[in-house]
Structures are given as structure tokens and as C-alpha cells.
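Reproduced below: input01.pdb, with PDB, C-alpha atoms.
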MODEL        1
ATOM      1  CA  MET O1109      96.962  84.902 113.576
ATOM      2  CA  ARG O1110      93.206  84.436 113.356
ATOM      3  CA  ALA O1111      91.428  83.442 116.603
ATOM      4  CA  GLY O1112      88.465  81.118 116.342
ATOM      5  CA  ILE O1113      84.901  82.438 116.878
ATOM      6  CA  PRO O1114      82.433  79.974 118.418
ATOM      7  CA  ILE O1115      79.395  79.225 116.269
ATOM      8  CA  ALA O1116      76.250  80.440 118.004
ATOM      9  CA  ILE O1117      72.621  79.773 117.241
ATOM     10  CA  THR O1118      71.752  83.441 116.976
ATOM     11  CA  LEU O1119      73.129  85.509 114.102
ATOM     12  CA  MET O1120      74.138  88.494 116.185
ATOM     13  CA  LEU O1121      75.756  88.715 119.609
ATOM     14  CA  LEU O1122      74.990  91.524 122.028
ATOM     15  CA  VAL O1123      77.861  92.379 124.362
ATOM     16  CA  ALA O1124      78.436  95.102 126.884
ATOM     17  CA  SER O1125      81.480  97.272 126.352
ATOM     18  CA  CYS O1126      82.208 100.302 128.520
ATOM     19  CA  HIS O1127      78.496 100.739 129.302
ATOM     20  CA  ARG O1128      77.592 100.553 125.590
ATOM     21  CA  SER O1129      75.664  97.845 123.825
ATOM     22  CA  VAL O1130      77.598  96.682 120.799
ATOM     23  CA  ILE O1131      76.146  94.283 118.258
ATOM     24  CA  LEU O1132      78.762  91.910 116.866
ATOM     25  CA  ASP O1133      78.471  89.883 113.707
ATOM     26  CA  ILE O1134      79.236  86.343 114.902
ATOM     27  CA  ASP O1135      80.218  85.283 111.381
ATOM     28  CA  ARG O1136      83.181  87.673 111.461
ATOM     29  CA  GLU O1137      86.185  87.998 113.757
ATOM     30  CA  PRO O1138      86.159  91.279 115.727
ATOM     31  CA  VAL O1139      89.489  92.996 116.329
ATOM     32  CA  MET O1140      88.642  96.361 117.901
ATOM     33  CA  GLU O1141      85.609  98.324 119.011
ATOM     34  CA  LEU O1142      85.434 102.078 119.445
ATOM     35  CA  TYR O1143      82.387 104.283 119.964
ATOM     36  CA  GLY O1144      80.119 101.512 118.790
ATOM     37  CA  ASN O1145      82.141 100.905 115.619
ATOM     38  CA  VAL O1146      83.653  97.437 115.162
ATOM     39  CA  LEU O1147      86.751  96.624 113.135
ATOM     40  CA  TYR O1148      86.712  93.063 111.796
ATOM     41  CA  PHE O1149      89.736  91.067 110.753
ATOM     42  CA  ASP O1150      88.390  90.436 107.234
ATOM     43  CA  GLU O1151      88.490  94.218 106.619
ATOM     44  CA  ILE O1152      92.195  94.232 107.453
ATOM     45  CA  GLU O1153      92.754  91.172 105.285
ATOM     46  CA  THR O1154      91.034  92.842 102.329
ATOM     47  CA  ASN O1155      93.382  95.825 102.518
ATOM     48  CA  MET O1156      96.551  93.877 103.264
ATOM     49  CA  PRO O1157      99.051  93.786 100.364
ATOM     50  CA  SER O1158      99.834  90.309  99.094
ATOM     51  CA  GLY O1159     103.209  88.690  99.555
ATOM     52  CA  LEU O1160     104.042  90.178 102.966
ATOM     53  CA  SER O1161     106.327  88.243 105.249
ATOM     54  CA  SER O1162     105.021  87.142 108.638
ATOM     55  CA  PRO O1163     106.679  90.066 110.523
ATOM     56  CA  ASP O1164     105.469  92.537 107.885
ATOM     57  CA  SER O1165     101.942  91.142 108.145
ATOM     58  CA  VAL O1166     101.970  91.671 111.910
ATOM     59  CA  ASN O1167     103.244  95.225 111.457
ATOM     60  CA  PHE O1168     100.570  95.940 108.839
ATOM     61  CA  VAL O1169      97.801  94.687 111.135
ATOM     62  CA  GLU O1170      99.016  96.820 114.038
ATOM     63  CA  SER O1171      99.405  99.870 111.810
ATOM     64  CA  TYR O1172      95.939  99.384 110.312
ATOM     65  CA  LYS O1173      94.377  99.016 113.779
ATOM     66  CA  LYS O1174      96.033 102.218 114.985
ATOM     67  CA  LYS O1175      95.015 104.194 111.915
ATOM     68  CA  TRP O1176      91.450 102.905 112.163
ATOM     69  CA  ALA O1177      91.228 103.843 115.840
ATOM     70  CA  LEU O1178      92.835 107.269 115.368
ATOM     71  CA  ASP O1179      90.379 108.092 112.613
ATOM     72  CA  LYS O1180      87.492 107.471 115.021
ATOM     73  CA  LEU O1181      89.219 109.188 117.962
ATOM     74  CA  VAL O1182      90.129 112.355 116.078
ATOM     75  CA  TYR O1183      86.684 112.613 114.517
ATOM     76  CA  ASN O1184      84.968 112.141 117.876
ATOM     77  CA  THR O1185      87.257 114.701 119.544
ATOM     78  CA  ALA O1186      86.658 117.219 116.772
ATOM     79  CA  LEU O1187      82.917 116.593 116.834
ATOM     80  CA  ASN O1188      82.767 117.237 120.570
ATOM     81  CA  ASN O1189      84.798 120.425 120.318
ATOM     82  CA  VAL O1190      83.047 122.111 117.406
ATOM     83  CA  GLY O1191      80.761 124.696 118.916
ATOM     84  CA  SER O1192      78.193 124.564 116.121
ATOM     85  CA  SER O1193      77.834 122.172 113.210
ATOM     86  CA  THR O1194      75.540 124.524 111.294
ATOM     87  CA  GLU O1195      78.359 125.905 109.149
ATOM     88  CA  ILE O1196      79.663 122.404 108.475
ATOM     89  CA  ASP O1197      76.176 121.249 107.485
ATOM     90  CA  HIS O1198      75.937 124.168 105.050
ATOM     91  CA  LEU O1199      79.333 123.287 103.574
ATOM     92  CA  VAL O1200      78.350 119.628 103.202
ATOM     93  CA  GLU O1201      75.082 120.551 101.503
ATOM     94  CA  ARG O1202      76.817 123.015  99.190
ATOM     95  CA  TYR O1203      79.421 120.386  98.271
ATOM     96  CA  ARG O1204      76.648 117.864  97.625
ATOM     97  CA  LYS O1205      74.883 120.276  95.275
ATOM     98  CA  GLU O1206      78.123 121.117  93.453
ATOM     99  CA  LEU O1207      78.935 117.418  93.089
ATOM    100  CA  ILE O1208      75.510 116.589  91.643
ATOM    101  CA  ILE O1209      75.674 119.542  89.233
ATOM    102  CA  SER O1210      79.200 118.600  88.181
ATOM    103  CA  GLU O1211      78.203 114.985  87.515
ATOM    104  CA  TYR O1212      75.203 116.113  85.449
ATOM    105  CA  ILE O1213      77.198 118.664  83.439
ATOM    106  CA  ASP O1214      79.868 116.042  82.695
ATOM    107  CA  LYS O1215      77.155 113.663  81.534
ATOM    108  CA  ILE O1216      75.389 116.060  79.160
ATOM    109  CA  THR O1217      78.614 117.453  77.689
ATOM    110  CA  THR O1218      79.891 113.935  77.040
ATOM    111  CA  GLN O1219      76.621 113.086  75.310
ATOM    112  CA  ASN O1220      76.370 116.258  73.240
ATOM    113  CA  ILE O1221      79.903 117.438  72.407
ATOM    114  CA  GLU O1222      81.080 115.987  69.098
ATOM    115  CA  PRO O1223      84.773 115.041  68.709
ATOM    116  CA  VAL O1224      86.851 117.719  67.000
ATOM    117  CA  SER O1225      87.483 116.835  63.367
ATOM    118  CA  GLU O1226      90.978 116.591  61.903
ATOM    119  CA  ASP O1227      90.170 119.419  59.478
ATOM    120  CA  SER O1228      89.087 121.695  62.317
ATOM    121  CA  LEU O1229      92.219 120.891  64.274
ATOM    122  CA  TYR O1230      94.484 121.632  61.340
ATOM    123  CA  ALA O1231      92.663 124.873  60.490
ATOM    124  CA  PHE O1232      93.038 125.980  64.108
ATOM    125  CA  TYR O1233      96.713 125.001  63.985
ATOM    126  CA  GLN O1234      97.273 127.183  60.925
ATOM    127  CA  GLN O1235      95.750 130.119  62.787
ATOM    128  CA  GLN O1236      97.598 129.587  66.059
ATOM    129  CA  LYS O1237     100.870 127.809  65.211
ATOM    130  CA  GLU O1238     102.993 130.904  65.894
ATOM    131  CA  ASN O1239     101.877 130.626  69.521
ATOM    132  CA  PHE O1240     103.519 127.195  69.827
ATOM    133  CA  PRO O1241     107.242 127.710  69.099
ATOM    134  CA  LEU O1242     109.759 124.913  69.445
ATOM    135  CA  SER O1243     112.155 125.149  72.353
ATOM    136  CA  GLU O1244     114.644 122.877  70.527
ATOM    137  CA  PRO O1245     115.040 121.490  66.999
ATOM    138  CA  VAL O1246     113.163 118.322  66.052
ATOM    139  CA  ALA O1247     113.716 116.000  63.128
ATOM    140  CA  LYS O1248     112.436 113.022  61.154
ATOM    141  CA  GLY O1249     114.646 110.587  59.289
ATOM    142  CA  ILE O1250     116.724 107.408  59.346
ATOM    143  CA  PHE O1251     119.873 106.471  61.247
ATOM    144  CA  ILE O1252     121.939 103.361  60.509
ATOM    145  CA  LYS O1253     125.133 102.097  62.106
ATOM    146  CA  VAL O1254     127.098  99.304  60.444
ATOM    147  CA  ALA O1255     130.537  97.806  60.914
ATOM    148  CA  THR O1256     132.982  99.530  58.593
ATOM    149  CA  ASN O1257     134.013  96.227  56.980
ATOM    150  CA  VAL O1258     130.424  95.303  55.998
ATOM    151  CA  PRO O1259     130.098  94.911  52.187
ATOM    152  CA  ASP O1260     127.877  96.793  49.720
ATOM    153  CA  GLN O1261     127.871 100.059  51.658
ATOM    154  CA  ALA O1262     127.956 102.026  48.407
ATOM    155  CA  LYS O1263     124.465 100.696  47.711
ATOM    156  CA  LEU O1264     123.312 101.637  51.205
ATOM    157  CA  SER O1265     124.702 105.133  50.724
ATOM    158  CA  LYS O1266     122.790 105.463  47.461
ATOM    159  CA  TRP O1267     119.532 104.166  48.923
ATOM    160  CA  ILE O1268     119.623 106.319  52.037
ATOM    161  CA  SER O1269     120.516 109.436  50.042
ATOM    162  CA  ASN O1270     117.329 109.105  48.008
ATOM    163  CA  ILE O1271     114.479 107.790  50.136
ATOM    164  CA  SER O1272     111.669 106.132  48.197
ATOM    165  CA  ASP O1273     109.390 103.179  48.883
ATOM    166  CA  ALA O1274     111.644 100.881  46.869
ATOM    167  CA  ASN O1275     114.837 102.189  48.442
ATOM    168  CA  LEU O1276     113.290 101.959  51.902
ATOM    169  CA  GLU O1277     112.580  98.273  51.303
ATOM    170  CA  ASN O1278     116.200  97.797  50.232
ATOM    171  CA  ILE O1279     117.397  99.627  53.341
ATOM    172  CA  MET O1280     115.280  97.466  55.623
ATOM    173  CA  ARG O1281     116.565  94.262  54.066
ATOM    174  CA  TYR O1282     120.148  95.535  54.340
ATOM    175  CA  CYS O1283     119.677  96.520  57.993
ATOM    176  CA  THR O1284     118.189  93.143  58.850
ATOM    177  CA  LYS O1285     121.322  91.471  57.534
ATOM    178  CA  HIS O1286     124.124  93.909  58.381
ATOM    179  CA  ALA O1287     123.171  96.781  60.714
ATOM    180  CA  SER O1288     124.584  96.946  64.237
ATOM    181  CA  TYR O1289     121.883  99.462  65.085
ATOM    182  CA  GLN O1290     119.202 101.358  63.195
ATOM    183  CA  GLN O1291     116.510 103.845  64.087
ATOM    184  CA  LEU O1292     113.726 104.806  61.711
ATOM    185  CA  PHE O1293     111.871 107.950  62.746
ATOM    186  CA  LEU O1294     110.332 108.838  59.400
ATOM    187  CA  ASP O1295     106.878 109.300  60.944
ATOM    188  CA  ASN O1296     107.866 110.641  64.357
ATOM    189  CA  TRP O1297     109.447 113.942  65.340
ATOM    190  CA  ILE O1298     112.246 113.510  67.872
ATOM    191  CA  PRO O1299     114.600 116.076  69.442
ATOM    192  CA  PHE O1300     117.551 116.699  67.145
ATOM    193  CA  SER O1301     119.884 116.426  70.127
ATOM    194  CA  LYS O1302     118.935 112.734  70.352
ATOM    195  CA  VAL O1303     119.734 112.323  66.661
ATOM    196  CA  SER O1304     123.126 114.001  66.993
ATOM    197  CA  GLU O1305     124.036 111.716  69.908
ATOM    198  CA  LEU O1306     123.752 108.707  67.596
ATOM    199  CA  MET O1307     126.584 109.899  65.332
ATOM    200  CA  ALA O1308     130.318 109.421  65.894
ATOM    201  CA  GLN O1309     130.718 113.207  65.883
ATOM    202  CA  PRO O1310     128.006 115.749  66.827
ATOM    203  CA  VAL O1311     126.003 117.263  63.997
ATOM    204  CA  GLU O1312     124.554 120.775  64.204
ATOM    205  CA  SER O1313     120.904 121.180  63.304
ATOM    206  CA  THR O1314     121.844 124.200  61.158
ATOM    207  CA  ASP O1315     124.427 122.321  59.110
ATOM    208  CA  PRO O1316     123.547 122.781  55.398
ATOM    209  CA  VAL O1317     124.597 119.195  54.673
ATOM    210  CA  LEU O1318     121.392 118.002  56.345
ATOM    211  CA  SER O1319     119.316 119.382  53.487
ATOM    212  CA  ARG O1320     121.410 117.578  50.897
ATOM    213  CA  GLY O1321     122.164 113.838  50.799
ATOM    214  CA  ALA O1322     122.972 111.588  53.718
ATOM    215  CA  VAL O1323     125.461 112.495  56.431
ATOM    216  CA  ILE O1324     128.099 109.754  56.577
ATOM    217  CA  GLN O1325     130.745 109.458  59.291
ATOM    218  CA  GLN O1326     133.298 106.685  59.457
ATOM    219  CA  THR O1327     135.604 105.330  62.145
ATOM    220  CA  ALA O1328     137.893 102.318  62.058
ATOM    221  CA  GLU O1329     135.146 100.218  63.608
ATOM    222  CA  PHE O1330     131.803 101.640  62.424
ATOM    223  CA  THR O1331     130.212 103.732  59.679
ATOM    224  CA  TYR O1332     127.299 105.994  60.573
ATOM    225  CA  TYR O1333     124.541 106.992  58.125
ATOM    226  CA  LEU O1334     122.015 109.748  58.829
ATOM    227  CA  LYS O1335     119.307 110.940  56.480
ATOM    228  CA  ILE O1336     117.101 113.794  57.679
ATOM    229  CA  THR O1337     113.737 113.894  55.910
ATOM    230  CA  GLY O1338     112.197 116.625  58.064
ATOM    231  CA  LEU O1339     113.683 119.349  60.235
ATOM    232  CA  CYS O1340     112.158 122.163  62.318
ATOM    233  CA  LEU O1341     114.489 124.551  64.095
ATOM    234  CA  ALA O1342     114.122 126.095  67.543
ATOM    235  CA  GLY O1343     111.836 129.117  67.542
ATOM    236  CA  THR O1344     109.801 127.941  64.559
ATOM    237  CA  PRO O1345     106.244 126.595  65.027
ATOM    238  CA  GLN O1346     105.958 123.109  66.413
ATOM    239  CA  PRO O1347     104.879 120.548  63.811
ATOM    240  CA  PHE O1348     101.172 119.804  63.813
ATOM    241  CA  GLU O1349     101.697 116.246  65.099
ATOM    242  CA  LEU O1350     103.423 117.504  68.242
ATOM    243  CA  VAL O1351     100.646 119.916  69.237
ATOM    244  CA  GLU O1352      97.633 118.013  67.898
ATOM    245  CA  SER O1353      96.688 116.629  71.327
ATOM    246  CA  ASP O1354      96.984 120.053  73.011
ATOM    247  CA  LEU O1355      94.949 121.706  70.261
ATOM    248  CA  ASN O1356      92.274 119.030  70.600
ATOM    249  CA  ASN O1357      92.050 119.727  74.343
ATOM    250  CA  ILE O1358      91.790 123.478  73.722
ATOM    251  CA  LEU O1359      88.999 123.147  71.168
ATOM    252  CA  THR O1360      87.159 120.488  73.171
ATOM    253  CA  ASN O1361      87.252 122.612  76.336
ATOM    254  CA  LYS O1362      86.061 125.655  74.376
ATOM    255  CA  ALA O1363      83.170 123.634  72.957
ATOM    256  CA  LYS O1364      82.269 122.485  76.482
ATOM    257  CA  ILE O1365      82.363 126.038  77.843
ATOM    258  CA  ASP O1366      80.176 127.300  74.980
ATOM    259  CA  TYR O1367      77.751 124.404  75.396
ATOM    260  CA  ILE O1368      77.436 124.894  79.160
ATOM    261  CA  LYS O1369      76.884 128.656  78.777
ATOM    262  CA  ASN O1370      74.205 128.043  76.155
ATOM    263  CA  PHE O1371      72.607 125.368  78.352
ATOM    264  CA  TYR O1372      72.459 127.731  81.347
ATOM    265  CA  ASP O1373      71.048 130.581  79.233
ATOM    266  CA  GLN O1374      68.338 128.366  77.738
ATOM    267  CA  LEU O1375      67.466 126.894  81.134
ATOM    268  CA  TYR O1376      67.086 130.367  82.650
ATOM    269  CA  ASP O1377      65.090 131.790  79.727
ATOM    270  CA  LYS O1378      62.761 128.774  79.718
ATOM    271  CA  ALA O1379      62.130 129.176  83.454
ATOM    272  CA  ILE O1380      61.274 132.853  82.890
ATOM    273  CA  ARG O1381      58.862 132.055  80.029
ATOM    274  CA  ARG O1382      57.092 129.315  81.960
ATOM    275  CA  GLY O1383      56.783 131.372  85.120
ATOM    276  CA  THR O1384      58.919 128.968  87.101
ATOM    277  CA  ILE O1385      60.873 132.029  88.217
ATOM    278  CA  THR O1386      58.888 134.826  89.740
ATOM    279  CA  LEU O1387      60.386 138.274  89.200
ATOM    280  CA  TYR O1388      59.367 141.065  91.551
ATOM    281  CA  GLU O1389      59.499 144.630  90.307
ATOM    282  CA  ASN O1390      61.819 146.971  92.153
ATOM    283  CA  GLN O1391      59.684 148.801  94.689
ATOM    284  CA  ASN O1392      62.146 151.691  95.078
TER     285      ASN O1392
ENDMDL
END
Spell out the structure here as C-alpha cells.
Amino acid sequence: MRAGIPIAITLMLLVASCHRSVILDIDREPVMELYGNVLYFDEIETNMPSGLSSPDSVNFVESYKKKWALDKLVYNTALNNVGSSTEIDHLVERYRKELIISEYIDKITTQNIEPVSEDSLYAFYQQQKENFPLSEPVAKGIFIKVATNVPDQAKLSKWISNISDANLENIMRYCTKHASYQQLFLDNWIPFSKVSELMAQPVESTDPVLSRGAVIQQTAEFTYYLKITGLCLAGTPQPFELVESDLNNILTNKAKIDYIKNFYDQLYDKAIRRGTITLYENQN
């Protein structure tokens, strides 16, 4: 695909193209030239995805060439048909100022805003938790599915009905040896609908049995064990763990807003005190 470029003594080659002088880099392979701009093959190669077939590579090159040329053509056409560039220049300068200010503000807030502490997050949660209701029930617990003919299930039933560190160790050992499937979500809130789907028969989140021992369902093939250790119903406040990230964002953004306002106020007041700003009395 690549055509050879003769090695010349000089580093640059001056050629005439449509009454324009175009300087080519002889160390690179030119592909197209438009309005004094040169597209080199190595630029296309750099942007070409790896692993393309030969036909796809050809198509990519042609597509890249067309896009490159159209970008220059459209810009040149627009440039020649805009009556005045004054407004555009103002917009560019305003955008430049806004970009510089934004970069600086991001820098100083990052340097000066302390991370929100866990205590502050939890205190804020206690104040605002009613504003974060659950749209569906969530639960914590343990689910185990074993073949009905597996031995020692009375022990498993006892262990799962009374979760403790010792019983949890026993459960884990039992599951390693006998369980067809298990899911421990003791530390993670998950939608109760996902929990109910695990059972042979659906379980309602409002079923009083959930607050007692384990829920056990048996079929000819499998026995299902469910122990709920935490349950929050729809309409009640979301657990702290589920909203912690959102609360952190809220408090962090508030701290940034307060810091920026204070920074602007101090900057303005300092400029007034030092005479950097000259105030003229109202002559009316």
C-alpha cells in the first residue's frame, strides 16, 4: 500500500501545486494536499485500528482521506462566507478565558477541599434520609440451595437460623462440600425481588416469617434456605450504604460552592483595599 519516497539530499522538498508552494517533508509519505495542508500516510496509520483485513484497511484509508479533506473544505468554505469574524473572535476569547478560569478553580478546589468524613456523611444522612425513600425493598442475608438428599441438613437449618461467627464458619464449610448454589449478601443490600427469585416459590417482603428463623422450601430435587438479616421496605429511607456516594457528592459540591464564593469575595475585597479596582462615585 505504501509507495516509496526517494531519499533526497535536502530535508524538505518544495513543489508547486495549483499555483501554491507546498513544503513536503521528504521523510514522510504524502497522501493528499489541500490549501497548503498535507496529509501524510503515517497519520492515517496512527489512527487505523489494528487487526483490519486488507479490504477494511483500504476502506479505512479512503474514509480517513475523505473526512480529512472535507474538514478542510467545509472550514475554508465557512471562513470565506462569514461576513465578519469579529464575533467569532470574541467568542473564542471568551471561551479561552472561561477555560483558564475553570482549570484554575478546579486546581484550587482540589488542593483545598478536604474529603468529607464518615461522621459528617452519617450525620447528614440522619438529617436527610427521609428525602431518599426506597423505590423497592432491599435485603441482606444468606441463600443456600442444596440437593434434597444431602445429609446433615438439620444442622444447616440450625446454623442458618441463628447466624453467628461460629455458625457462619460451619455454613461455609457445609456449602463448600454440599451446596449446589449459595449467595452470601450479609454486607450488601440487594433488591428483595432478586432474593425472591432464588427460592422455589416467591416470598413476599412483608411476610412475617422473614423476621423469625430461616425460610425453608423443599422440592423433590432441591431444598432452599433463606435467612434475612436485614430488610428495608419500599417507601422507607434507603440504607446509608446505598446513598453514601450520593451524599458524599452533595456535601463535596456544597463545600466547593462555598469555597469558590468565599474565594471570589476575598479576591474582590482585597482588590478594593489595595486600590487595584478604582471605584468612581455616581455623578448623578
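Between CA of Ile1213 in chain O and CA of Ala1363 in chain O lies a distance of 13.0 Å.
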Hits of the PyMOL selection byres ((chain O and resi 1310-1316) around 9) in this structure, as a ChimeraX atom specification: /O:1245-1247,1300-1301,1303-1309,1317-1320,1323,1339-1341
How would the residues just chosen look if you wrote them out with C-alpha atoms as a compact mmCIF listing (two decimals), keeping the file's coordinate frame?
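And here is the file that came out, selection.txt:
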# COMPACT_ATOMS: atom_id res chain seq x y z
CA PRO O 1245 115.04 121.49 67.00
CA VAL O 1246 113.16 118.32 66.05
CA ALA O 1247 113.72 116.00 63.13
CA PHE O 1300 117.55 116.70 67.14
CA SER O 1301 119.88 116.43 70.13
CA VAL O 1303 119.73 112.32 66.66
CA SER O 1304 123.13 114.00 66.99
CA GLU O 1305 124.04 111.72 69.91
CA LEU O 1306 123.75 108.71 67.60
CA MET O 1307 126.58 109.90 65.33
CA ALA O 1308 130.32 109.42 65.89
CA GLN O 1309 130.72 113.21 65.88
CA VAL O 1317 124.60 119.20 54.67
CA LEU O 1318 121.39 118.00 56.34
CA SER O 1319 119.32 119.38 53.49
CA ARG O 1320 121.41 117.58 50.90
CA VAL O 1323 125.46 112.50 56.43
CA LEU O 1339 113.68 119.35 60.24
CA CYS O 1340 112.16 122.16 62.32
CA LEU O 1341 114.49 124.55 64.10
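With distances restricted to all atoms listed in the file, O:Asp1260 is the closest residue to Lys1285 in chain O from O:Asp1273, O:Asp1260, O:Glu1206, O:Glu1244.
Distances here use all atoms listed in the file; by that measure, the residue among O:Val1166, O:Glu1201, O:Ile1252, O:Ser1269 closest to Tyr1282 in chain O is O:Ile1252.
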Can you pull out every residue within 6 Å of Lys1248 in chain O, counting all atoms listed in the file, but drop anything in the same chain fewer than 5 positions away, and send it as a PDB file with C-alpha atoms, keeping the file's coordinate frame?
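Heads up, here's the output in part-v6.pdb:
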ATOM      1  CA  PHE O1293     111.871 107.950  62.746  1.00  0.00           C
ATOM      2  CA  LEU O1294     110.332 108.838  59.400  1.00  0.00           C
ATOM      3  CA  TRP O1297     109.447 113.942  65.340  1.00  0.00           C
ATOM      4  CA  ILE O1336     117.101 113.794  57.679  1.00  0.00           C
ATOM      5  CA  THR O1337     113.737 113.894  55.910  1.00  0.00           C
ATOM      6  CA  GLY O1338     112.197 116.625  58.064  1.00  0.00           C
TER       7      GLY O1338
END
Gap from CA of Leu1199 in chain O to CA of Ile1365 in chain O - Å, one decimal: 26.1 Å
Residues within 10 Å of (103.8, 120.0, 65.8), counting only C-alpha atoms, listed as a PyMOL selection string: chain O and resi 1233+1237+1240-1242+1246+1297+1340+1345-1354
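Between CA of Phe1251 in chain O and CA of Asp1295 in chain O the interatomic distance comes to 13.3 Å.
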Explicit residues for the PyMOL selection byres ((chain O and resi 1266) around 12) (as an mmCIF file with C-alpha atoms, keeping the file's coordinate frame):
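Writing the result to out.cif gives the following:
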data_model
loop_
_atom_site.group_PDB
_atom_site.id
_atom_site.type_symbol
_atom_site.label_atom_id
_atom_site.label_comp_id
_atom_site.auth_asym_id
_atom_site.auth_seq_id
_atom_site.Cartn_x
_atom_site.Cartn_y
_atom_site.Cartn_z
ATOM 1 C CA ASP O 1260 127.877 96.793 49.720
ATOM 2 C CA GLN O 1261 127.871 100.059 51.658
ATOM 3 C CA ALA O 1262 127.956 102.026 48.407
ATOM 4 C CA LYS O 1263 124.465 100.696 47.711
ATOM 5 C CA LEU O 1264 123.312 101.637 51.205
ATOM 6 C CA SER O 1265 124.702 105.133 50.724
ATOM 7 C CA TRP O 1267 119.532 104.166 48.923
ATOM 8 C CA ILE O 1268 119.623 106.319 52.037
ATOM 9 C CA SER O 1269 120.516 109.436 50.042
ATOM 10 C CA ASN O 1270 117.329 109.105 48.008
ATOM 11 C CA ILE O 1271 114.479 107.790 50.136
ATOM 12 C CA SER O 1272 111.669 106.132 48.197
ATOM 13 C CA ASN O 1275 114.837 102.189 48.442
ATOM 14 C CA LEU O 1276 113.290 101.959 51.902
ATOM 15 C CA ASN O 1278 116.200 97.797 50.232
ATOM 16 C CA ILE O 1279 117.397 99.627 53.341
ATOM 17 C CA GLY O 1321 122.164 113.838 50.799
ATOM 18 C CA ALA O 1322 122.972 111.588 53.718
ATOM 19 C CA VAL O 1323 125.461 112.495 56.431
ATOM 20 C CA ILE O 1324 128.099 109.754 56.577
ATOM 21 C CA TYR O 1333 124.541 106.992 58.125
ATOM 22 C CA LYS O 1335 119.307 110.940 56.480
#
First collect every listed atom of range 1315-1321 of chain O; then fit an axis-aligned box around them, widen it by 6 Å on each side, and give centre and edge lengths in Å to one decimal, as AutoDock Vina command-line options.
--center_x 122.0 --center_y 118.3 --center_z 55.0 --size_x 17.3 --size_y 20.9 --size_z 20.3
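For the residues O:Pro1259, O:Pro1299, O:Gly1159, O:Pro1138, ranking by smallest atom-to-atom distance to Ser1243 in chain O using only C-alpha atoms places O:Pro1299 first.
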